[in-house]
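Engineer: Compact mmCIF, C-alpha atoms, file coords-v5.txt:
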# COMPACT_ATOMS: atom_id res chain seq x y z
CA MET A 40 0.00 0.00 0.00
CA LEU A 41 1.19 3.50 -0.88
CA TYR A 42 0.76 6.55 1.36
CA TYR A 43 0.18 10.13 0.28
CA GLU A 44 -0.45 13.24 2.38
CA SER A 45 -1.71 16.24 0.46
CA ARG A 46 0.04 19.55 1.11
CA SER A 47 -2.85 21.52 -0.41
CA THR A 48 -5.89 22.80 1.52
CA ASP A 49 -7.76 23.80 -1.67
CA PRO A 50 -10.93 21.64 -1.84
CA TYR A 51 -11.10 21.73 -5.65
CA PHE A 52 -7.49 20.57 -5.96
CA ASN A 53 -7.89 17.82 -3.35
CA ILE A 54 -11.06 16.42 -4.92
CA ALA A 55 -9.30 16.41 -8.30
CA LEU A 56 -6.23 14.80 -6.67
CA GLU A 57 -8.31 12.04 -5.11
CA TRP A 58 -10.11 11.36 -8.40
CA HIS A 59 -6.81 11.34 -10.31
CA LEU A 60 -5.32 8.78 -7.93
CA PHE A 61 -8.42 6.61 -8.20
CA CYS A 62 -8.59 6.71 -12.01
CA ASN A 63 -4.92 6.72 -12.97
CA VAL A 64 -2.70 5.41 -10.20
CA ALA A 65 -4.69 2.56 -8.65
CA ALA A 66 -2.37 -0.26 -9.71
CA GLN A 67 -1.56 -0.40 -6.00
CA SER A 68 -3.68 0.35 -2.97
CA ILE A 69 -3.40 3.93 -1.70
CA PHE A 70 -4.13 5.57 1.64
CA MET A 71 -4.31 9.37 1.66
CA LEU A 72 -4.74 12.01 4.37
CA TRP A 73 -5.77 15.55 3.47
CA GLN A 74 -7.44 18.71 4.76
CA ASN A 75 -9.58 21.43 3.19
CA ASP A 76 -9.89 24.97 4.47
CA ASN A 77 -13.35 26.52 4.88
CA ALA A 78 -15.42 24.48 2.42
CA ILE A 79 -18.71 22.64 2.03
CA ILE A 80 -18.40 19.36 0.14
CA ILE A 81 -21.68 18.10 -1.32
CA GLY A 82 -22.53 14.63 -2.60
CA LYS A 83 -22.62 13.81 -6.30
CA ASN A 84 -26.41 13.70 -6.45
CA GLN A 85 -27.29 16.62 -4.20
CA ASN A 86 -28.93 19.90 -5.13
CA ALA A 87 -26.37 22.46 -3.91
CA GLU A 88 -28.89 25.22 -3.34
CA ALA A 89 -30.90 23.01 -1.00
CA GLU A 90 -27.87 22.05 1.09
CA ILE A 91 -26.21 25.39 1.83
CA ASN A 92 -27.09 28.69 3.47
CA ARG A 93 -25.98 30.75 0.48
CA PRO A 94 -25.92 34.23 2.11
CA PHE A 95 -23.79 32.93 5.00
CA VAL A 96 -21.53 30.89 2.69
CA GLU A 97 -20.87 33.84 0.39
CA ALA A 98 -20.33 36.29 3.27
CA HIS A 99 -17.73 34.03 4.85
CA GLY A 100 -15.90 32.99 1.70
CA ILE A 101 -16.81 29.31 2.06
CA LYS A 102 -16.11 27.31 -1.08
CA VAL A 103 -18.71 24.82 -2.31
CA ALA A 104 -17.34 21.72 -4.02
CA ARG A 105 -19.13 18.67 -5.42
CA ARG A 106 -17.45 15.30 -5.02
CA LYS A 107 -17.87 12.14 -7.12
CA THR A 108 -19.33 10.00 -4.34
CA GLY A 109 -22.86 9.89 -2.97
CA GLY A 110 -23.91 10.78 0.56
CA GLY A 111 -24.62 14.11 2.19
CA ALA A 112 -23.06 17.54 2.56
CA VAL A 113 -20.20 18.07 5.05
CA TYR A 114 -18.27 21.08 6.29
CA HIS A 115 -14.45 21.05 6.13
CA ASP A 116 -12.01 23.34 7.91
CA LEU A 117 -8.50 22.87 9.28
CA GLY A 118 -9.96 21.34 12.43
CA ASN A 119 -11.15 18.43 10.29
CA LEU A 120 -9.04 15.62 8.83
CA ASN A 121 -10.05 13.61 5.74
CA PHE A 122 -8.94 10.09 4.91
CA THR A 123 -9.19 8.16 1.65
CA PHE A 124 -8.71 4.47 0.83
CA ILE A 125 -8.30 3.37 -2.79
CA VAL A 126 -8.27 -0.43 -2.78
CA PRO A 127 -9.72 -3.47 -4.61
CA HIS A 128 -13.30 -4.17 -3.51
CA GLY A 129 -15.84 -6.96 -3.18
CA ASP A 130 -19.45 -6.86 -4.29
CA ASP A 131 -21.02 -5.14 -1.29
CA ILE A 132 -20.73 -1.61 0.12
CA ASN A 133 -18.71 -2.12 3.31
CA PHE A 134 -18.10 0.81 5.66
CA GLN A 135 -16.99 -1.25 8.67
CA TYR A 136 -13.64 -2.25 7.16
CA PHE A 137 -12.60 1.31 6.35
CA CYS A 138 -13.86 2.88 9.57
CA GLN A 139 -12.21 0.37 11.89
CA PRO A 140 -8.77 2.08 11.89
CA VAL A 141 -10.44 5.30 13.08
CA LEU A 142 -12.10 3.43 15.96
CA GLN A 143 -8.78 1.78 16.79
CA THR A 144 -6.91 5.08 16.81
CA LEU A 145 -9.48 6.73 19.06
CA ALA A 146 -9.35 3.77 21.45
CA GLN A 147 -5.60 4.34 21.78
CA PHE A 148 -6.41 7.89 22.93
CA GLY A 149 -8.99 6.57 25.40
CA VAL A 150 -12.12 7.43 23.38
CA LYS A 151 -14.84 4.87 22.62
CA ALA A 152 -16.53 5.39 19.26
CA GLU A 153 -18.94 3.31 17.19
CA ILE A 154 -20.26 3.03 13.66
CA LYS A 155 -23.89 4.11 13.49
CA GLY A 156 -26.51 4.24 10.75
CA ARG A 157 -25.49 4.00 7.11
CA ASN A 158 -22.18 5.79 7.19
CA ASP A 159 -21.50 7.70 10.42
CA ILE A 160 -18.98 7.23 13.22
CA THR A 161 -20.17 8.59 16.55
CA ILE A 162 -19.07 9.27 20.13
CA GLY A 163 -21.86 9.10 22.68
CA GLY A 164 -24.42 9.15 19.88
CA LYS A 165 -22.99 12.31 18.28
CA LYS A 166 -21.45 12.24 14.81
CA PHE A 167 -17.85 13.24 14.14
CA SER A 168 -17.27 11.32 10.92
CA GLY A 169 -19.28 10.85 7.72
CA ASN A 170 -18.23 8.38 5.04
CA ALA A 171 -18.93 7.71 1.36
CA GLN A 172 -17.76 5.38 -1.41
CA TYR A 173 -17.38 5.17 -5.17
CA ARG A 174 -16.81 1.81 -6.89
CA ARG A 175 -15.62 1.12 -10.41
CA ASP A 176 -13.81 -1.65 -12.30
CA GLY A 177 -13.13 -3.76 -9.21
CA TRP A 178 -11.82 -0.85 -7.09
CA VAL A 179 -13.37 1.28 -4.37
CA MET A 180 -12.59 4.82 -3.28
CA HIS A 181 -13.75 5.22 0.31
CA HIS A 182 -13.36 8.54 2.06
CA GLY A 183 -14.43 10.01 5.37
CA THR A 184 -14.18 13.03 7.63
CA ILE A 185 -12.72 13.15 11.14
CA MET A 186 -13.76 16.23 13.11
CA LEU A 187 -10.92 16.87 15.55
CA ASN A 188 -11.65 20.50 16.41
CA SER A 189 -13.90 21.97 13.72
CA ASN A 190 -15.76 25.26 14.12
CA LEU A 191 -19.20 23.88 14.89
CA GLU A 192 -20.86 27.28 14.92
CA VAL A 193 -19.82 27.88 11.32
CA LEU A 194 -20.90 24.34 10.41
CA GLN A 195 -24.31 24.98 11.98
CA GLN A 196 -24.91 28.14 9.95
CA ALA A 197 -23.30 27.09 6.66
CA LEU A 198 -25.25 23.87 6.13
CA SER A 199 -28.98 23.79 5.49
CA PRO A 200 -30.18 20.16 5.65
CA SER A 201 -33.80 19.14 5.20
CA ARG A 202 -36.10 19.04 8.21
CA GLU A 203 -36.72 15.33 7.51
CA LYS A 204 -33.01 14.53 7.78
CA ILE A 205 -32.64 16.33 11.11
CA GLN A 206 -35.78 14.66 12.46
CA SER A 207 -34.53 11.24 11.36
CA LYS A 208 -31.55 11.69 13.70
CA GLY A 209 -33.85 12.40 16.64
CA VAL A 210 -32.34 15.86 17.25
CA LYS A 211 -33.45 19.46 16.83
CA SER A 212 -30.41 20.90 15.03
CA ILE A 213 -27.10 20.04 13.37
CA ARG A 214 -25.20 21.40 16.37
CA SER A 215 -26.88 18.97 18.76
CA HIS A 216 -26.10 16.05 16.43
CA VAL A 217 -22.33 16.52 15.96
CA THR A 218 -19.24 16.63 18.15
CA ASN A 219 -15.50 17.19 17.98
CA ILE A 220 -13.06 14.51 19.12
CA CYS A 221 -11.22 17.09 21.24
CA GLU A 222 -14.27 17.35 23.53
CA HIS A 223 -13.76 13.72 24.61
CA LEU A 224 -9.99 13.58 25.12
CA ALA A 225 -8.30 13.51 28.52
CA VAL A 226 -5.23 15.23 27.02
CA ASP A 227 -4.81 17.58 24.08
CA ILE A 228 -3.56 16.12 20.81
CA THR A 229 -2.59 17.88 17.59
CA PRO A 230 -3.86 16.92 14.12
CA ASP A 231 -0.35 15.72 13.31
CA MET A 232 -0.40 13.35 16.30
CA PHE A 233 -3.72 11.89 15.17
CA LYS A 234 -2.48 11.60 11.57
CA SER A 235 0.60 9.71 12.72
CA GLU A 236 -1.32 7.18 14.82
CA LEU A 237 -4.02 6.66 12.19
CA ALA A 238 -1.42 6.07 9.47
CA LYS A 239 0.33 3.50 11.70
CA ASN A 240 -2.94 1.63 12.13
CA VAL A 241 -3.62 1.55 8.38
CA LEU A 242 -0.25 1.13 6.68
CA PRO A 243 2.01 -1.91 6.71
CA GLN A 244 5.57 -1.33 7.94
CA ASN A 245 7.01 -1.66 4.45
CA HIS A 246 4.58 0.78 2.80
CA GLY A 247 5.72 3.08 0.02
CA ILE A 248 5.30 6.83 -0.29
CA TYR A 249 3.61 8.18 -3.40
CA GLU A 250 5.16 11.30 -4.90
CA LEU A 251 3.24 13.41 -7.40
CA SER A 252 5.05 13.77 -10.71
CA ASP A 253 4.92 16.87 -12.88
CA THR A 254 2.51 14.95 -15.13
CA ASP A 255 0.28 14.12 -12.14
CA ILE A 256 0.14 17.76 -11.09
CA LYS A 257 -0.64 18.85 -14.64
CA HIS A 258 -3.57 16.42 -14.89
CA ILE A 259 -4.89 17.29 -11.43
CA THR A 260 -4.72 21.02 -12.08
CA HIS A 261 -6.48 20.56 -15.41
CA MET A 262 -9.35 18.66 -13.73
CA ARG A 263 -9.51 21.26 -10.98
CA ASP A 264 -9.78 24.13 -13.46
CA THR A 265 -12.07 22.54 -16.05
CA LEU A 266 -14.41 20.51 -13.82
CA PHE A 267 -14.23 20.54 -10.05
CA SER A 268 -14.00 24.32 -9.54
CA THR A 269 -16.59 25.24 -12.19
CA TRP A 270 -20.04 26.64 -11.49
CA GLN A 271 -21.58 24.12 -13.89
CA TRP A 272 -20.25 21.15 -11.89
CA ASN A 273 -20.94 22.55 -8.42
CA PHE A 274 -24.22 24.42 -8.98
CA GLY A 275 -25.43 23.76 -12.53
CA ALA A 276 -27.03 20.41 -11.76
CA SER A 277 -30.24 21.90 -10.36
CA PRO A 278 -33.75 20.47 -10.87
CA ARG A 279 -35.70 21.81 -13.84
CA TYR A 280 -38.92 19.80 -13.78
CA SER A 281 -42.25 20.80 -12.27
CA VAL A 282 -43.43 17.69 -10.37
CA GLN A 283 -41.51 16.89 -7.19
CA LYS A 284 -41.61 13.62 -5.23
CA LYS A 285 -39.58 13.46 -2.03
CA ARG A 286 -39.14 10.93 0.75
CA ARG A 287 -36.54 9.84 3.28
CA VAL A 288 -36.15 6.05 3.40
CA GLU A 289 -34.44 4.54 6.45
CA GLY A 290 -31.19 2.82 5.48
CA CYS A 291 -31.17 4.45 2.04
CA GLY A 292 -31.35 8.21 2.51
CA THR A 293 -33.30 11.15 1.12
CA LEU A 294 -34.60 10.78 -2.44
CA GLU A 295 -35.94 13.76 -4.38
CA PHE A 296 -37.36 13.08 -7.84
CA TYR A 297 -38.26 15.79 -10.36
CA LEU A 298 -40.54 14.67 -13.17
CA ASP A 299 -41.83 16.17 -16.39
CA ILE A 300 -45.24 14.60 -17.01
CA LYS A 301 -46.94 14.81 -20.42
CA ASP A 302 -50.24 13.04 -21.19
CA GLY A 303 -49.88 11.01 -17.99
CA LYS A 304 -46.46 9.68 -18.99
CA ILE A 305 -42.96 10.39 -17.71
CA ALA A 306 -41.28 12.59 -20.33
CA GLY A 307 -38.23 13.34 -18.18
CA ILE A 308 -36.95 12.50 -14.70
CA GLU A 309 -34.03 13.52 -12.48
CA CYS A 310 -33.05 12.41 -8.98
CA PHE A 311 -31.23 14.21 -6.19
CA GLY A 312 -30.37 13.01 -2.69
CA ASP A 313 -27.78 11.74 -0.24
CA TYR A 314 -28.18 8.08 -1.17
CA PHE A 315 -25.36 5.72 -2.17
CA TRP A 316 -25.13 4.06 -5.56
CA ASN A 317 -22.97 1.94 -7.87
CA ILE A 318 -24.57 2.98 -11.17
CA PRO A 319 -25.69 6.61 -11.69
CA PHE A 320 -29.44 7.24 -11.92
CA GLU A 321 -29.14 8.90 -15.33
CA LEU A 322 -28.50 5.41 -16.75
CA LEU A 323 -31.80 4.19 -15.27
CA ALA A 324 -33.82 7.25 -16.34
CA PRO A 325 -34.28 6.16 -20.02
CA ALA A 326 -36.09 3.00 -18.85
CA LEU A 327 -38.70 5.23 -17.19
CA GLN A 328 -39.19 7.74 -19.99
CA GLY A 329 -42.48 7.14 -21.78
CA CYS A 330 -43.74 5.10 -18.84
CA GLU A 331 -47.27 5.81 -17.57
CA LEU A 332 -47.24 7.22 -14.05
CA ARG A 333 -49.00 4.32 -12.38
CA PRO A 334 -47.62 1.49 -10.21
CA GLN A 335 -48.10 -1.37 -12.68
CA ALA A 336 -46.40 0.52 -15.50
CA ILE A 337 -43.45 1.57 -13.33
CA ALA A 338 -43.05 -2.00 -12.06
CA LYS A 339 -42.94 -3.28 -15.65
CA ALA A 340 -40.43 -0.59 -16.67
CA ILE A 341 -37.96 -1.67 -13.97
CA GLU A 342 -38.62 -5.41 -14.28
CA GLY A 343 -35.34 -7.31 -14.33
CA ILE A 344 -33.37 -4.27 -13.12
CA ASP A 345 -31.33 -4.58 -9.93
CA LEU A 346 -32.51 -1.38 -8.26
CA ASN A 347 -29.93 -1.81 -5.48
CA GLU A 348 -27.24 -0.87 -8.00
CA TYR A 349 -28.84 2.56 -8.42
CA PHE A 350 -30.13 3.11 -4.86
CA TYR A 351 -28.43 1.18 -2.07
CA ASN A 352 -31.01 -0.34 0.33
CA LEU A 353 -34.10 0.82 -1.61
CA SER A 354 -36.80 -1.73 -2.37
CA LYS A 355 -38.75 -1.72 -5.62
CA ASP A 356 -41.97 -1.21 -3.67
CA ASP A 357 -40.57 1.93 -2.02
CA PHE A 358 -39.27 3.22 -5.36
CA ILE A 359 -42.67 2.77 -7.03
CA SER A 360 -44.46 4.30 -4.04
CA ILE A 361 -42.30 7.43 -4.10
CA LEU A 362 -42.92 8.06 -7.79
CA TYR A 363 -46.64 7.37 -7.62
CA GLU A 364 -47.65 8.94 -4.30
What's the structure tokens form of this structure?
Structural biologist:
Amino acid sequence: MLYYESRSTDPYFNIALEWHLFCNVAAQSIFMLWQNDNAIIIGKNQNAEAEINRPFVEAHGIKVARRKTGGGAVYHDLGNLNFTFIVPHGDDINFQYFCQPVLQTLAQFGVKAEIKGRNDITIGGKKFSGNAQYRRDGWVMHHGTIMLNSNLEVLQQALSPSREKIQSKGVKSIRSHVTNICEHLAVDITPDMFKSELAKNVLPQNHGIYELSDTDIKHITHMRDTLFSTWQWNFGASPRYSVQKKRRVEGCGTLEFYLDIKDGKIAGIECFGDYFWNIPFELLAPALQGCELRPQAIAKAIEGIDLNEYFYNLSKDDFISILYE
């Protein structure tokens, strides 16, 4: 396994870096640690405008960046540490394997943490780490946050999650749902100390160090400038249809469908949400176009399709119910 620690705190560069390593360097497994300064990172399928408090974000110079993985929006600052695994994968989405080194590291510092829900790591029921994955061609890119000492007041005001998502956590606000690791430590530790211990728990003794070549940097910078930092990528994917269907499904996430209905048939459909997926929804959408908006017709349109590839942990009955309700 190779190890790389990013020296950049630019979210657009780091997301491009991560994607470059996944697409072009993954002949060997890679573990990467990195930090972003003052940024909101949204999931691939999320509607940016629905996830952020735009006036606050603009007033405080917070960058908004869209990643390639699913899941929800997270706030990054220099009190937060991000980790990424790029490794061969099996058939199932598995968060336990990748989160275990974080639990182990915290235990060494005397803190008991646990994996909770779809993709969170918590201390005393409060979240300090969110995780997401992207799988392709037999490899997985798994990444997660570790809130060591983030500014929770900024996080509270910068993010604007749906009421359903907050209620599903059994809390009244983001602030009451999250915590920093530093609040649970008997002694102070620096981010570098945590990085060092986490890396020891992940990497074999004979691990290599990956060094970015001039060609790597050229490719990463190109992706940063032409995709990951652009308005079209980060904000342009906004819903344009008139009929909205929205529901939060336990174990799957929030699904928000926008449909264009003509003569009782689906003429166009888009999906937003914090769900996880293996195959993007836009590859399923053509099977639904021209379909009558009734349960029997939708069921026939998706017959023989493994819906779990498009929406992890969503049943066909729930999918049909959301569209028809």
Engineer: When you count all atoms listed in the file, which of these residues is closest to Phe122 of chain A: A:Gly183, A:Gly100, A:Gly164, A:Pro325?
Structural biologist: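 Checking each of A:Gly183, A:Gly100, A:Gly164, A:Pro325 against Phe122 of chain A, counting all atoms listed in the file, the winner is A:Gly183.
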Engineer: Between A:Tyr114, A:Asn121, A:Thr229, A:Gly82, which is the closest to Glu192 of chain A once you count all atoms listed in the file?
Structural biologist: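 Checking each of A:Tyr114, A:Asn121, A:Thr229, A:Gly82 against Glu192 of chain A, counting all atoms listed in the file, the winner is A:Tyr114.
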Engineer: Considering all atoms listed in the file, state which residue in the set A:Arg286, A:Arg46, A:Arg174, A:His128 is at the smallest distance from Gly312 of chain A.
Structural biologist: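 The shortest atom-to-atom distance to Gly312 of chain A comes from A:Arg286.
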Engineer: Please identify all polymer residues lying at most 10 Å from the point (-27.3, 0.6, -3.2) (file coordinates), using all atoms listed in the file, and present the result as a list in words.
Structural biologist: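 The answer, in the requested form, is Asp131, Ile132, Gly290, Cys291, Tyr314, Phe315, Trp316, Asn317, Ile318, Asp345, Leu346, Asn347, Glu348, Tyr349, Phe350, Tyr351, Asn352, Leu353 and Ser354 of chain A.
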Engineer: Hey, which of A:Asn75, A:Gln85, A:Asn245, A:Gln172 ends up closest to Phe52 of chain A? Count all atoms listed in the file.
Structural biologist: A:Asn75
Engineer: Please give the centre and size of the box around segment 68-71 of chain A (axis-aligned, containing every atom listed in the file, 3 Å added per side), with values in Å to one decimal and written as JSON.
Structural biologist:
{"center_x": -3.9, "center_y": 4.9, "center_z": -0.7, "size_x": 6.9, "size_y": 15.0, "size_z": 10.6}
Engineer: Applying 12 Å and all atoms listed in the file, which residues near Gly163 of chain A remain after dropping the ones on its own chain fewer than 5 positions away? List them as a list in words.
Structural biologist: Val150, Lys151, Ala152, Glu153, Ile154, Lys155, Ser215, His216, Val217, Thr218, Asn219, Ile220, Glu222 and His223 of chain A
Engineer: With all atoms listed in the file as the basis for distance, which of A:Tyr363, A:Phe148, A:Phe167, A:Trp270 is at the shortest distance from Gly303 of chain A?
Structural biologist: A:Tyr363
Engineer: Pick from A:Arg93, A:His115, A:Lys102, A:Lys234: nearest to Ser199 of chain A, with only C-alpha atoms counted?
Structural biologist: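 Looking at the shortest contact to Ser199 of chain A, the residue is A:Arg93.
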Engineer: List the neighbours of Ala340 of chain A out to 7 Å using only C-alpha atoms; skip same-chain residues closer than 5 positions along the sequence, and give me the result as a list in words.
Structural biologist: Ala326, Leu327 and Cys330 of chain A
Engineer: Using all atoms listed in the file, which protein or nucleic acid residues come within 9 Å of segment 53-63 of chain A? Drop anything in the same chain fewer than 3 positions from it, and give the result as a PyMOL selection string.
Structural biologist: chain A and resi 45+47-50+66+69+71+73-75+104-107+123+125-126+178-180+255-256+258-263+266-267
Engineer: So that I can check the surroundings of segment 332-335 of chain A, please list as a PyMOL selection string every protein, DNA and RNA residue that reaches within 9 Å of it, counting all atoms listed in the file and ignoring chain neighbours fewer than 3 positions away.
Structural biologist: chain A and resi 300+303-305+338-340+359-360+362-363
Engineer: What does the distance between atom CA of Glu364 of chain A and atom CA of Gly156 of chain A come to in Å, to one decimal place?
Structural biologist: 26.4 Å
